[in-house]
Amino acid sequence: MQSSDLTIKKVKGKDLYHLRYQDINIVCFHSDEVIEHPNKELLEFIRDDLFKCGEFSLNSRNQIEHKKVNSAYILFSSLKSLQNEELYEGKTFREFIKSYYIFDWILVNQSNKNIEELKNARDYIKKMISKELKKEKYFEELRNYALGRLYFSDLRSFYYEEMEDIFNAIYNESDSIKFRKNRIYFRTKQDDNNIESNEVEVPSVIENSKSNSKIHFSESYYLNNISDFLENGIFTSENEFCQNEISQKITKIYEDSTEPEKIAILTLFHYSDKESFLLPLAFIRGGLNKNIFLNALLVIRGNHFNQENRLLYKEGLRYELYQEANELATLCKNFALIGTKEQKEIWEKVQMEENVYLEFKETFSMDAKKYREGDLDTVRKKSQRQIIESNTLKAICALLNTEGGEIYIGVADKPVEIVGIKNEVDFLFNSSNDEYLLHLKGFIKKNFSDQIKLIRPRLVEVFKKEIIIIKVKKSKKPVFFLKTGENKKEKIFYIRNGPSSDNLDIEAFYNYISQK
């Protein structure tokens with residue numbers, strides 16, 4: 001069979017869709033669960049992506065078997081299997097990942113070559129972390145923890161709490177300890193149940209934790225960078241780092257991801273042999289360019305040479321590895337861009353354009369035209385901001401007086417486009433969504449205090465752009481908007497008339513009320 005033989009059918013009585021072949025429900029590749037989802041677009045993506053596999057078949061468990069290529073069908077099937085405790089040393093994925101970031105290879109250099117590729121990726125990761133934590137220093141702190149782990153344990157976990165307690169006790173003895181005392185102990189592991197701590201020097205040749213091969217740090221590389229380890233590297237235990245704000249905030253970036261984004265991130269994490277989680281997280285959630293992602297990925301997987309022209313990890317043709325990684329990265333990125341059911345519904349409403357129930361506003365406070373023209377002084381003026389804000393208040397008033405509806409702030413109407421509120425938030429509200437929402441809610445309360453329970457603004461993300469949706473319910477009593485002029489205040493009654501908000505004079509108002 002081919003992809004065109006598959007159909008998508010809505011489940012009767014449920015808000016779900018199934019991927020089917022004739023009257024058979026297709027089953028996930030890694031489990032016995034049926035391929036089903038409330039987002040029809042996601043199943044369409046899975047079906048259409050199977051076209052590249054050519055002919056495929058169903059096995060006795062109704063799972064698709066196709067050529068050995070990466071497919072959206074495999075990705076969709078993988079979320080639960082990728083979070084299986086067997087893959088994370090017996091821990092839940094959340095327990096594992098909260099302590100993982102200090103072992104991330106993207107944070108450290110393996111040789112003096114290919115440093116630029118890593119630096120380019122780190123710049124994006126730094127922006128992502130700084131945006132979440134509000135301060136750039138946290139990225140440097142995270143790097144220093146990684147330097148400590150590289151110098152001390154080749155970025156390997158100790159696994160055992162007893163070892164963590166030993167080193168934690170040493171570290172807490174004094175702020176100035178850092179590496180001088182940490183070097184007293186060096187972890188040697190003969191087997192899973194035999195761990196010893198000996199007073200040894202860090203060797204120049206370190207056993208690769210992923211294979212039986214050796215990583216050859218040349219003497220010049222080690223000597224050139226030893227000062228960086230000694231001066232900046234900080235040892236921290238896994239248990240201690242789990243409580244760190246850095247760990248909690250980075251984990252939140254992942255947990256706030258959509259289901260397709262999580263699948264994409266975890267797929268690329270495991271493709272890197274669990275060498276880096278920050279790199280795929282930044283690629284899927286942090287705006288990291290694909291080419292920069294691929295270059296850094298090949299470096300951390302060891303497909304580059306050190307000063308002695310020895311291949312660090314992988315053998316084989318770089319081009320073939322790059323092509324394989326490129327194909328998977330492209331698939332994961334496209335898969336991640338599929339939104340949630342709510343995002344899909346919002347997108348579909350935007351495509352319907354404005355109507356009696358729906359109003360679009362590009363901004364709430366900012367004159368978007370003046371901003372684009374570069375007239376920033378005018379944009380900042382309080383009087384100009386109030387003029388722009390009154391447009392949203394008129395729309396709220398009109399919806400209250402008609403049948404209710406929604407206002408989307410961050411959506412341009414000519415042409416219709418989701419532009420987001422980022423420019424407005426950055427320019428007028430100190431890059432703070434909280435400050436923006438506080439101002440918006442205060443303005444609504446000031447003008448519609450009696451109807452405040454009928455008006456609910458909230459921030460949502462639609463395909464990587466944040467917008468405000470103000471949901472308005474119909475008022476049982478007439479609502480007036482107080483317009484302030486130069487020397488007078490005037491109450492005006494607005495209603496929805498198709499896609500616009502119209503004000504009624506006294507005669508029209510009485511006619512309107514008498515017909516209700």
# chains A, B, ... in the order shown; residues from 1 in each chain; ligands from 1

$ select_by_dssp --residues "stretch 239-324 of chain A" --states "alpha helix (DSSP H)" --output "PDB file with N, CA, C and O atoms, in the first residue's frame"
ATOM      1  N   ASN A 239      22.260  16.393  42.836  1.00  0.00           N
ATOM      2  CA  ASN A 239      21.149  16.639  43.767  1.00  0.00           C
ATOM      3  C   ASN A 239      20.975  18.130  44.025  1.00  0.00           C
ATOM      4  O   ASN A 239      19.853  18.644  44.077  1.00  0.00           O
ATOM      5  N   GLU A 240      22.095  18.826  44.188  1.00  0.00           N
ATOM      6  CA  GLU A 240      22.044  20.256  44.451  1.00  0.00           C
ATOM      7  C   GLU A 240      21.566  21.023  43.223  1.00  0.00           C
ATOM      8  O   GLU A 240      20.745  21.939  43.323  1.00  0.00           O
ATOM      9  N   PHE A 241      22.044  20.635  42.055  1.00  0.00           N
ATOM     10  CA  PHE A 241      21.690  21.365  40.837  1.00  0.00           C
ATOM     11  C   PHE A 241      20.196  21.220  40.509  1.00  0.00           C
ATOM     12  O   PHE A 241      19.603  22.124  39.919  1.00  0.00           O
ATOM     13  N   CYS A 242      19.601  20.103  40.870  1.00  0.00           N
ATOM     14  CA  CYS A 242      18.167  19.905  40.616  1.00  0.00           C
ATOM     15  C   CYS A 242      17.319  20.999  41.263  1.00  0.00           C
ATOM     16  O   CYS A 242      16.224  21.307  40.786  1.00  0.00           O
ATOM     17  N   GLU A 245      17.618  27.303  40.210  1.00  0.00           N
ATOM     18  CA  GLU A 245      16.629  27.984  39.358  1.00  0.00           C
ATOM     19  C   GLU A 245      16.919  27.745  37.883  1.00  0.00           C
ATOM     20  O   GLU A 245      15.995  27.664  37.065  1.00  0.00           O
ATOM     21  N   ILE A 246      18.190  27.631  37.524  1.00  0.00           N
ATOM     22  CA  ILE A 246      18.556  27.390  36.117  1.00  0.00           C
ATOM     23  C   ILE A 246      17.918  26.097  35.633  1.00  0.00           C
ATOM     24  O   ILE A 246      17.298  26.048  34.569  1.00  0.00           O
ATOM     25  N   SER A 247      18.069  25.031  36.420  1.00  0.00           N
ATOM     26  CA  SER A 247      17.507  23.739  36.054  1.00  0.00           C
ATOM     27  C   SER A 247      15.988  23.817  35.919  1.00  0.00           C
ATOM     28  O   SER A 247      15.408  23.314  34.953  1.00  0.00           O
ATOM     29  N   GLN A 248      15.362  24.459  36.870  1.00  0.00           N
ATOM     30  CA  GLN A 248      13.902  24.525  36.872  1.00  0.00           C
ATOM     31  C   GLN A 248      13.355  25.313  35.682  1.00  0.00           C
ATOM     32  O   GLN A 248      12.351  24.928  35.068  1.00  0.00           O
ATOM     33  N   LYS A 249      14.032  26.414  35.330  1.00  0.00           N
ATOM     34  CA  LYS A 249      13.557  27.248  34.227  1.00  0.00           C
ATOM     35  C   LYS A 249      13.765  26.575  32.873  1.00  0.00           C
ATOM     36  O   LYS A 249      12.901  26.664  31.993  1.00  0.00           O
ATOM     37  N   ILE A 250      14.915  25.926  32.697  1.00  0.00           N
ATOM     38  CA  ILE A 250      15.162  25.235  31.425  1.00  0.00           C
ATOM     39  C   ILE A 250      14.166  24.090  31.266  1.00  0.00           C
ATOM     40  O   ILE A 250      13.621  23.870  30.172  1.00  0.00           O
ATOM     41  N   THR A 251      13.924  23.364  32.349  1.00  0.00           N
ATOM     42  CA  THR A 251      12.955  22.273  32.297  1.00  0.00           C
ATOM     43  C   THR A 251      11.566  22.795  31.951  1.00  0.00           C
ATOM     44  O   THR A 251      10.814  22.149  31.209  1.00  0.00           O
ATOM     45  N   LYS A 252      11.239  23.983  32.439  1.00  0.00           N
ATOM     46  CA  LYS A 252       9.927  24.576  32.141  1.00  0.00           C
ATOM     47  C   LYS A 252       9.783  24.893  30.652  1.00  0.00           C
ATOM     48  O   LYS A 252       8.690  24.768  30.086  1.00  0.00           O
ATOM     49  N   ILE A 253      10.888  25.308  29.996  1.00  0.00           N
ATOM     50  CA  ILE A 253      10.827  25.565  28.555  1.00  0.00           C
ATOM     51  C   ILE A 253      10.366  24.307  27.827  1.00  0.00           C
ATOM     52  O   ILE A 253       9.517  24.349  26.945  1.00  0.00           O
ATOM     53  N   TYR A 254      10.929  23.166  28.238  1.00  0.00           N
ATOM     54  CA  TYR A 254      10.531  21.892  27.619  1.00  0.00           C
ATOM     55  C   TYR A 254       9.090  21.540  27.974  1.00  0.00           C
ATOM     56  O   TYR A 254       8.301  21.171  27.095  1.00  0.00           O
ATOM     57  N   GLU A 255       8.739  21.678  29.238  1.00  0.00           N
ATOM     58  CA  GLU A 255       7.401  21.269  29.668  1.00  0.00           C
ATOM     59  C   GLU A 255       6.305  22.158  29.100  1.00  0.00           C
ATOM     60  O   GLU A 255       5.159  21.727  28.979  1.00  0.00           O
ATOM     61  N   GLU A 259       2.993  18.989  22.337  1.00  0.00           N
ATOM     62  CA  GLU A 259       3.329  17.568  22.214  1.00  0.00           C
ATOM     63  C   GLU A 259       4.235  17.298  21.007  1.00  0.00           C
ATOM     64  O   GLU A 259       5.241  16.583  21.140  1.00  0.00           O
ATOM     65  N   PRO A 260       3.930  17.847  19.819  1.00  0.00           N
ATOM     66  CA  PRO A 260       4.849  17.633  18.684  1.00  0.00           C
ATOM     67  C   PRO A 260       6.248  18.193  18.947  1.00  0.00           C
ATOM     68  O   PRO A 260       7.242  17.614  18.507  1.00  0.00           O
ATOM     69  N   GLU A 261       6.344  19.321  19.642  1.00  0.00           N
ATOM     70  CA  GLU A 261       7.655  19.887  19.966  1.00  0.00           C
ATOM     71  C   GLU A 261       8.434  18.962  20.894  1.00  0.00           C
ATOM     72  O   GLU A 261       9.641  18.751  20.715  1.00  0.00           O
ATOM     73  N   LYS A 262       7.761  18.399  21.895  1.00  0.00           N
ATOM     74  CA  LYS A 262       8.430  17.484  22.820  1.00  0.00           C
ATOM     75  C   LYS A 262       8.976  16.261  22.075  1.00  0.00           C
ATOM     76  O   LYS A 262      10.100  15.813  22.328  1.00  0.00           O
ATOM     77  N   ILE A 263       8.174  15.722  21.183  1.00  0.00           N
ATOM     78  CA  ILE A 263       8.621  14.561  20.412  1.00  0.00           C
ATOM     79  C   ILE A 263       9.860  14.918  19.585  1.00  0.00           C
ATOM     80  O   ILE A 263      10.835  14.158  19.537  1.00  0.00           O
ATOM     81  N   ALA A 264       9.831  16.080  18.943  1.00  0.00           N
ATOM     82  CA  ALA A 264      10.959  16.512  18.111  1.00  0.00           C
ATOM     83  C   ALA A 264      12.221  16.704  18.953  1.00  0.00           C
ATOM     84  O   ALA A 264      13.316  16.279  18.568  1.00  0.00           O
ATOM     85  N   ILE A 265      12.078  17.349  20.100  1.00  0.00           N
ATOM     86  CA  ILE A 265      13.231  17.612  20.973  1.00  0.00           C
ATOM     87  C   ILE A 265      13.843  16.306  21.458  1.00  0.00           C
ATOM     88  O   ILE A 265      15.068  16.103  21.393  1.00  0.00           O
ATOM     89  N   LEU A 266      13.011  15.386  21.936  1.00  0.00           N
ATOM     90  CA  LEU A 266      13.523  14.124  22.462  1.00  0.00           C
ATOM     91  C   LEU A 266      14.144  13.258  21.369  1.00  0.00           C
ATOM     92  O   LEU A 266      15.143  12.575  21.593  1.00  0.00           O
ATOM     93  N   THR A 267      13.554  13.288  20.172  1.00  0.00           N
ATOM     94  CA  THR A 267      14.120  12.525  19.059  1.00  0.00           C
ATOM     95  C   THR A 267      15.534  12.991  18.745  1.00  0.00           C
ATOM     96  O   THR A 267      16.458  12.182  18.592  1.00  0.00           O
ATOM     97  N   LEU A 268      15.725  14.293  18.663  1.00  0.00           N
ATOM     98  CA  LEU A 268      17.050  14.839  18.355  1.00  0.00           C
ATOM     99  C   LEU A 268      18.013  14.662  19.529  1.00  0.00           C
ATOM    100  O   LEU A 268      19.222  14.499  19.327  1.00  0.00           O
ATOM    101  N   PHE A 269      17.500  14.686  20.749  1.00  0.00           N
ATOM    102  CA  PHE A 269      18.323  14.436  21.933  1.00  0.00           C
ATOM    103  C   PHE A 269      18.923  13.036  21.872  1.00  0.00           C
ATOM    104  O   PHE A 269      20.125  12.840  22.089  1.00  0.00           O
ATOM    105  N   HIS A 270      18.093  12.052  21.566  1.00  0.00           N
ATOM    106  CA  HIS A 270      18.597  10.678  21.488  1.00  0.00           C
ATOM    107  C   HIS A 270      19.444  10.455  20.239  1.00  0.00           C
ATOM    108  O   HIS A 270      20.382   9.650  20.266  1.00  0.00           O
ATOM    109  N   TYR A 271      19.144  11.180  19.176  1.00  0.00           N
ATOM    110  CA  TYR A 271      19.978  11.067  17.973  1.00  0.00           C
ATOM    111  C   TYR A 271      21.397  11.556  18.263  1.00  0.00           C
ATOM    112  O   TYR A 271      22.363  11.072  17.675  1.00  0.00           O
ATOM    113  N   LEU A 278      20.284  20.783  25.321  1.00  0.00           N
ATOM    114  CA  LEU A 278      20.125  22.216  25.073  1.00  0.00           C
ATOM    115  C   LEU A 278      20.129  22.535  23.581  1.00  0.00           C
ATOM    116  O   LEU A 278      19.429  23.451  23.137  1.00  0.00           O
ATOM    117  N   LEU A 279      20.914  21.792  22.806  1.00  0.00           N
ATOM    118  CA  LEU A 279      20.999  22.053  21.370  1.00  0.00           C
ATOM    119  C   LEU A 279      19.669  21.792  20.662  1.00  0.00           C
ATOM    120  O   LEU A 279      19.153  22.681  19.975  1.00  0.00           O
ATOM    121  N   PRO A 280      19.047  20.610  20.798  1.00  0.00           N
ATOM    122  CA  PRO A 280      17.727  20.427  20.163  1.00  0.00           C
ATOM    123  C   PRO A 280      16.642  21.301  20.774  1.00  0.00           C
ATOM    124  O   PRO A 280      15.712  21.710  20.082  1.00  0.00           O
ATOM    125  N   LEU A 281      16.752  21.625  22.083  1.00  0.00           N
ATOM    126  CA  LEU A 281      15.766  22.512  22.703  1.00  0.00           C
ATOM    127  C   LEU A 281      15.815  23.886  22.058  1.00  0.00           C
ATOM    128  O   LEU A 281      14.774  24.485  21.767  1.00  0.00           O
ATOM    129  N   ALA A 282      17.033  24.398  21.816  1.00  0.00           N
ATOM    130  CA  ALA A 282      17.174  25.713  21.183  1.00  0.00           C
ATOM    131  C   ALA A 282      16.755  25.668  19.722  1.00  0.00           C
ATOM    132  O   ALA A 282      16.222  26.642  19.185  1.00  0.00           O
ATOM    133  N   PHE A 283      16.977  24.552  19.053  1.00  0.00           N
ATOM    134  CA  PHE A 283      16.588  24.407  17.642  1.00  0.00           C
ATOM    135  C   PHE A 283      15.072  24.414  17.491  1.00  0.00           C
ATOM    136  O   PHE A 283      14.517  25.063  16.592  1.00  0.00           O
ATOM    137  N   ILE A 284      14.384  23.724  18.387  1.00  0.00           N
ATOM    138  CA  ILE A 284      12.924  23.619  18.291  1.00  0.00           C
ATOM    139  C   ILE A 284      12.219  24.787  18.965  1.00  0.00           C
ATOM    140  O   ILE A 284      11.217  25.298  18.460  1.00  0.00           O
ATOM    141  N   ARG A 285      12.753  25.296  20.097  1.00  0.00           N
ATOM    142  CA  ARG A 285      12.053  26.332  20.842  1.00  0.00           C
ATOM    143  C   ARG A 285      12.767  27.682  20.892  1.00  0.00           C
ATOM    144  O   ARG A 285      12.166  28.687  21.244  1.00  0.00           O
ATOM    145  N   LYS A 290      18.956  26.110  11.457  1.00  0.00           N
ATOM    146  CA  LYS A 290      19.193  24.684  11.209  1.00  0.00           C
ATOM    147  C   LYS A 290      20.640  24.379  10.857  1.00  0.00           C
ATOM    148  O   LYS A 290      21.212  23.386  11.332  1.00  0.00           O
ATOM    149  N   ASN A 291      21.268  25.213  10.041  1.00  0.00           N
ATOM    150  CA  ASN A 291      22.655  24.954   9.663  1.00  0.00           C
ATOM    151  C   ASN A 291      23.586  25.031  10.868  1.00  0.00           C
ATOM    152  O   ASN A 291      24.502  24.218  11.014  1.00  0.00           O
ATOM    153  N   ILE A 292      23.340  26.014  11.744  1.00  0.00           N
ATOM    154  CA  ILE A 292      24.141  26.116  12.963  1.00  0.00           C
ATOM    155  C   ILE A 292      23.904  24.890  13.840  1.00  0.00           C
ATOM    156  O   ILE A 292      24.830  24.328  14.429  1.00  0.00           O
ATOM    157  N   PHE A 293      22.647  24.461  13.917  1.00  0.00           N
ATOM    158  CA  PHE A 293      22.305  23.261  14.681  1.00  0.00           C
ATOM    159  C   PHE A 293      23.061  22.041  14.166  1.00  0.00           C
ATOM    160  O   PHE A 293      23.667  21.289  14.944  1.00  0.00           O
ATOM    161  N   LEU A 294      23.045  21.842  12.851  1.00  0.00           N
ATOM    162  CA  LEU A 294      23.684  20.663  12.268  1.00  0.00           C
ATOM    163  C   LEU A 294      25.193  20.679  12.471  1.00  0.00           C
ATOM    164  O   LEU A 294      25.798  19.653  12.801  1.00  0.00           O
ATOM    165  N   ASN A 295      25.813  21.834  12.274  1.00  0.00           N
ATOM    166  CA  ASN A 295      27.267  21.924  12.454  1.00  0.00           C
ATOM    167  C   ASN A 295      27.664  21.600  13.893  1.00  0.00           C
ATOM    168  O   ASN A 295      28.608  20.848  14.138  1.00  0.00           O
ATOM    169  N   ALA A 296      26.918  22.173  14.845  1.00  0.00           N
ATOM    170  CA  ALA A 296      27.222  21.920  16.255  1.00  0.00           C
ATOM    171  C   ALA A 296      26.950  20.458  16.615  1.00  0.00           C
ATOM    172  O   ALA A 296      27.689  19.853  17.399  1.00  0.00           O
ATOM    173  N   LEU A 297      25.896  19.899  16.033  1.00  0.00           N
ATOM    174  CA  LEU A 297      25.547  18.505  16.313  1.00  0.00           C
ATOM    175  C   LEU A 297      26.675  17.563  15.900  1.00  0.00           C
ATOM    176  O   LEU A 297      27.040  16.642  16.639  1.00  0.00           O
ATOM    177  N   LEU A 298      27.249  17.794  14.718  1.00  0.00           N
ATOM    178  CA  LEU A 298      28.344  16.944  14.263  1.00  0.00           C
ATOM    179  C   LEU A 298      29.576  17.079  15.152  1.00  0.00           C
ATOM    180  O   LEU A 298      30.295  16.099  15.380  1.00  0.00           O
ATOM    181  N   VAL A 299      29.788  18.278  15.676  1.00  0.00           N
ATOM    182  CA  VAL A 299      30.947  18.477  16.549  1.00  0.00           C
ATOM    183  C   VAL A 299      30.764  17.716  17.864  1.00  0.00           C
ATOM    184  O   VAL A 299      31.659  16.992  18.296  1.00  0.00           O
ATOM    185  N   ILE A 300      29.600  17.868  18.515  1.00  0.00           N
ATOM    186  CA  ILE A 300      29.425  17.215  19.813  1.00  0.00           C
ATOM    187  C   ILE A 300      29.316  15.697  19.673  1.00  0.00           C
ATOM    188  O   ILE A 300      29.621  14.972  20.630  1.00  0.00           O
ATOM    189  N   ARG A 318      31.739  12.213   6.658  1.00  0.00           N
ATOM    190  CA  ARG A 318      31.012  13.313   7.282  1.00  0.00           C
ATOM    191  C   ARG A 318      29.783  13.698   6.468  1.00  0.00           C
ATOM    192  O   ARG A 318      28.731  13.997   7.028  1.00  0.00           O
ATOM    193  N   TYR A 319      29.904  13.699   5.157  1.00  0.00           N
ATOM    194  CA  TYR A 319      28.785  14.124   4.315  1.00  0.00           C
ATOM    195  C   TYR A 319      27.562  13.237   4.535  1.00  0.00           C
ATOM    196  O   TYR A 319      26.434  13.733   4.640  1.00  0.00           O
ATOM    197  N   GLU A 320      27.775  11.918   4.616  1.00  0.00           N
ATOM    198  CA  GLU A 320      26.653  11.005   4.813  1.00  0.00           C
ATOM    199  C   GLU A 320      25.991  11.235   6.176  1.00  0.00           C
ATOM    200  O   GLU A 320      24.765  11.222   6.292  1.00  0.00           O
ATOM    201  N   LEU A 321      26.809  11.462   7.192  1.00  0.00           N
ATOM    202  CA  LEU A 321      26.266  11.751   8.515  1.00  0.00           C
ATOM    203  C   LEU A 321      25.502  13.066   8.519  1.00  0.00           C
ATOM    204  O   LEU A 321      24.454  13.198   9.153  1.00  0.00           O
ATOM    205  N   TYR A 322      26.028  14.049   7.812  1.00  0.00           N
ATOM    206  CA  TYR A 322      25.377  15.356   7.737  1.00  0.00           C
ATOM    207  C   TYR A 322      24.029  15.226   7.033  1.00  0.00           C
ATOM    208  O   TYR A 322      23.035  15.803   7.478  1.00  0.00           O
ATOM    209  N   GLN A 323      23.985  14.487   5.941  1.00  0.00           N
ATOM    210  CA  GLN A 323      22.735  14.316   5.199  1.00  0.00           C
ATOM    211  C   GLN A 323      21.682  13.625   6.060  1.00  0.00           C
ATOM    212  O   GLN A 323      20.504  14.000   6.046  1.00  0.00           O
ATOM    213  N   GLU A 324      22.112  12.598   6.783  1.00  0.00           N
ATOM    214  CA  GLU A 324      21.187  11.887   7.663  1.00  0.00           C
ATOM    215  C   GLU A 324      20.637  12.824   8.741  1.00  0.00           C
ATOM    216  O   GLU A 324      19.433  12.855   9.000  1.00  0.00           O
TER     217      GLU A 324
END

$ select_by_dssp --residues "stretch 24-92 of chain A" --states "strand (DSSP E)" --output "PyMOL selection string"
chain A and resi 24-25+36-37+57-58+64-65

$ write_last_selection --atoms "all heavy atoms" --output "short mmCIF file (atom, residue, chain, number, x, y, z; two decimals), in the first residue's frame"
data_model
loop_
_atom_site.label_atom_id
_atom_site.label_comp_id
_atom_site.auth_asym_id
_atom_site.auth_seq_id
_atom_site.Cartn_x
_atom_site.Cartn_y
_atom_site.Cartn_z
N ILE A 24 -9.45 -0.58 9.14
CA ILE A 24 -8.47 -0.93 10.18
C ILE A 24 -7.85 0.34 10.75
O ILE A 24 -7.40 1.22 10.00
CB ILE A 24 -7.34 -1.82 9.59
CG1 ILE A 24 -7.93 -3.11 9.04
CG2 ILE A 24 -6.28 -2.10 10.65
CD1 ILE A 24 -6.91 -3.93 8.25
N ASN A 25 -7.81 0.45 12.08
CA ASN A 25 -7.13 1.56 12.74
C ASN A 25 -5.63 1.26 12.80
O ASN A 25 -5.22 0.21 13.28
CB ASN A 25 -7.65 1.77 14.17
CG ASN A 25 -9.05 2.34 14.18
OD1 ASN A 25 -9.44 3.07 13.28
ND2 ASN A 25 -9.82 2.00 15.21
N GLU A 36 -4.26 8.19 17.02
CA GLU A 36 -5.42 9.07 17.11
C GLU A 36 -5.01 10.39 17.73
O GLU A 36 -4.06 10.46 18.51
CB GLU A 36 -6.54 8.43 17.93
CG GLU A 36 -6.18 8.18 19.39
CD GLU A 36 -7.32 7.56 20.18
OE1 GLU A 36 -8.28 7.05 19.56
OE2 GLU A 36 -7.26 7.60 21.42
N HIS A 37 -5.73 11.45 17.36
CA HIS A 37 -5.39 12.78 17.87
C HIS A 37 -6.54 13.73 17.55
O HIS A 37 -7.22 13.58 16.53
CB HIS A 37 -4.10 13.30 17.21
CG HIS A 37 -3.39 14.32 18.03
ND1 HIS A 37 -3.65 15.67 17.93
CD2 HIS A 37 -2.44 14.20 18.99
CE1 HIS A 37 -2.86 16.33 18.77
NE2 HIS A 37 -2.13 15.47 19.43
N SER A 57 3.70 -1.77 4.28
CA SER A 57 2.71 -2.79 4.61
C SER A 57 2.32 -2.70 6.08
O SER A 57 2.97 -2.02 6.87
CB SER A 57 3.26 -4.18 4.32
OG SER A 57 4.44 -4.42 5.09
N LEU A 58 1.23 -3.40 6.43
CA LEU A 58 0.82 -3.53 7.82
C LEU A 58 1.21 -4.91 8.32
O LEU A 58 1.02 -5.91 7.63
CB LEU A 58 -0.70 -3.36 7.96
CG LEU A 58 -1.30 -1.97 7.70
CD1 LEU A 58 -2.80 -2.03 7.99
CD2 LEU A 58 -0.64 -0.92 8.55
N ILE A 64 2.56 -0.01 10.83
CA ILE A 64 3.14 0.21 9.50
C ILE A 64 4.61 -0.21 9.50
O ILE A 64 5.37 0.15 10.42
CB ILE A 64 3.01 1.69 9.09
CG1 ILE A 64 1.55 2.05 8.85
CG2 ILE A 64 3.85 2.00 7.86
CD1 ILE A 64 1.30 3.51 8.55
N GLU A 65 5.00 -0.96 8.51
CA GLU A 65 6.39 -1.33 8.30
C GLU A 65 6.85 -0.73 6.98
O GLU A 65 6.27 -1.02 5.93
CB GLU A 65 6.57 -2.84 8.30
CG GLU A 65 6.26 -3.48 9.66
CD GLU A 65 6.53 -4.97 9.67
OE1 GLU A 65 6.72 -5.55 8.58
OE2 GLU A 65 6.56 -5.56 10.77
#

$ residues_around --residues "A:Ser383" --least-positions-apart "2" --cutoff "12 Å" --atoms "only C-alpha atoms" --output "ChimeraX atom specification"
/A:365-367,377-381,385-390,484-486

$ write_last_selection --atoms "C-alpha atoms" --output "PDB file, in the first residue's frame"
ATOM      1  CA  SER A 365      -1.228  50.630  22.973  1.00  0.00           C
ATOM      2  CA  MET A 366       1.288  51.102  20.176  1.00  0.00           C
ATOM      3  CA  ASP A 367       0.693  53.029  16.944  1.00  0.00           C
ATOM      4  CA  ASP A 377       8.605  59.805  19.895  1.00  0.00           C
ATOM      5  CA  THR A 378       4.985  59.871  18.748  1.00  0.00           C
ATOM      6  CA  VAL A 379       4.575  56.197  19.638  1.00  0.00           C
ATOM      7  CA  ARG A 380       5.713  56.905  23.211  1.00  0.00           C
ATOM      8  CA  LYS A 381       3.325  59.831  23.794  1.00  0.00           C
ATOM      9  CA  ARG A 385      -1.244  55.561  23.206  1.00  0.00           C
ATOM     10  CA  GLN A 386      -4.688  56.448  24.583  1.00  0.00           C
ATOM     11  CA  ILE A 387      -6.019  56.968  21.049  1.00  0.00           C
ATOM     12  CA  ILE A 388      -4.850  53.486  20.027  1.00  0.00           C
ATOM     13  CA  GLU A 389      -6.171  51.925  23.263  1.00  0.00           C
ATOM     14  CA  SER A 390      -9.608  53.456  22.721  1.00  0.00           C
ATOM     15  CA  THR A 484     -13.061  62.133  26.746  1.00  0.00           C
ATOM     16  CA  GLY A 485     -12.688  65.180  24.500  1.00  0.00           C
ATOM     17  CA  GLU A 486     -10.822  68.470  24.943  1.00  0.00           C
TER      18      GLU A 486
END

$ closest_residue --among "A:Gln243, A:Asn334, A:Asn391, A:Asn497" --to "A:Val356" --atoms "only C-alpha atoms"
A:Asn497

$ residues_around --residues "A:Lys414" --least-positions-apart "6" --cutoff "10 Å" --atoms "only C-alpha atoms" --output "NGL selection string"
:A and (353 or 360 or 362)

$ atom_distance --atom1 "atom CA of A:Ile129" --atom2 "atom CA of A:Arg143"
11.8 Å

$ residues_around --residues "A:Ile46" --least-positions-apart "3" --cutoff "12 Å" --atoms "only C-alpha atoms" --output "MDAnalysis selection string"
chainID A and resid 3:4 6:8 18:20 26 28 35:37 39:43 49:53 64 70:77 260 331:332 334:335 338

$ closest_residue --among "A:Glu435, A:Glu373, A:Glu359, A:Asp426" --to "A:Ser501" --atoms "only C-alpha atoms"
A:Glu359

$ atom_distance --atom1 "atom CA of A:Ile444" --atom2 "atom CA of A:Ile396"
8.9 Å

$ residues_around --residues "A:Tyr88" --least-positions-apart "5" --cutoff "12 Å" --atoms "only C-alpha atoms" --output "compact mmCIF listing (two decimals) with C-alpha atoms, in the first residue's frame"
# COMPACT_ATOMS: atom_id res chain seq x y z
CA SER A 81 8.93 5.21 24.41
CA LEU A 82 11.31 8.20 24.43
CA GLN A 83 10.27 8.94 28.02
CA PHE A 93 12.48 11.64 32.41
CA ARG A 94 11.78 14.75 34.54
CA GLU A 95 14.06 13.53 37.34
CA PHE A 96 16.79 12.77 34.84
CA ILE A 97 16.62 15.97 32.83
CA LYS A 98 16.63 18.34 35.83
CA SER A 99 20.18 17.29 36.66
CA TYR A 100 21.32 16.68 33.08
CA SER A 157 27.27 11.25 36.24
CA TYR A 159 25.03 7.77 39.54
CA HIS A 270 18.60 10.68 21.49
CA LYS A 274 22.20 12.05 24.66

$ residues_around --residues "A:Lys474" --least-positions-apart "2" --cutoff "10 Å" --atoms "only C-alpha atoms" --output "number ranges by chain"
A: 397-405, 451, 454-455, 472, 476-478

$ closest_residue --among "A:Tyr357, A:Asn62, A:Asp23, A:Leu440" --to "A:Lys473" --atoms "only C-alpha atoms"
A:Tyr357

$ closest_residue --among "A:Lys10, A:Lys68, A:Lys80, A:Arg496" --to "A:Asp32" --atoms "only C-alpha atoms"
A:Lys80

$ atom_distance --atom1 "atom CA of A:Val479" --atom2 "atom CA of A:Phe443"
15.9 Å
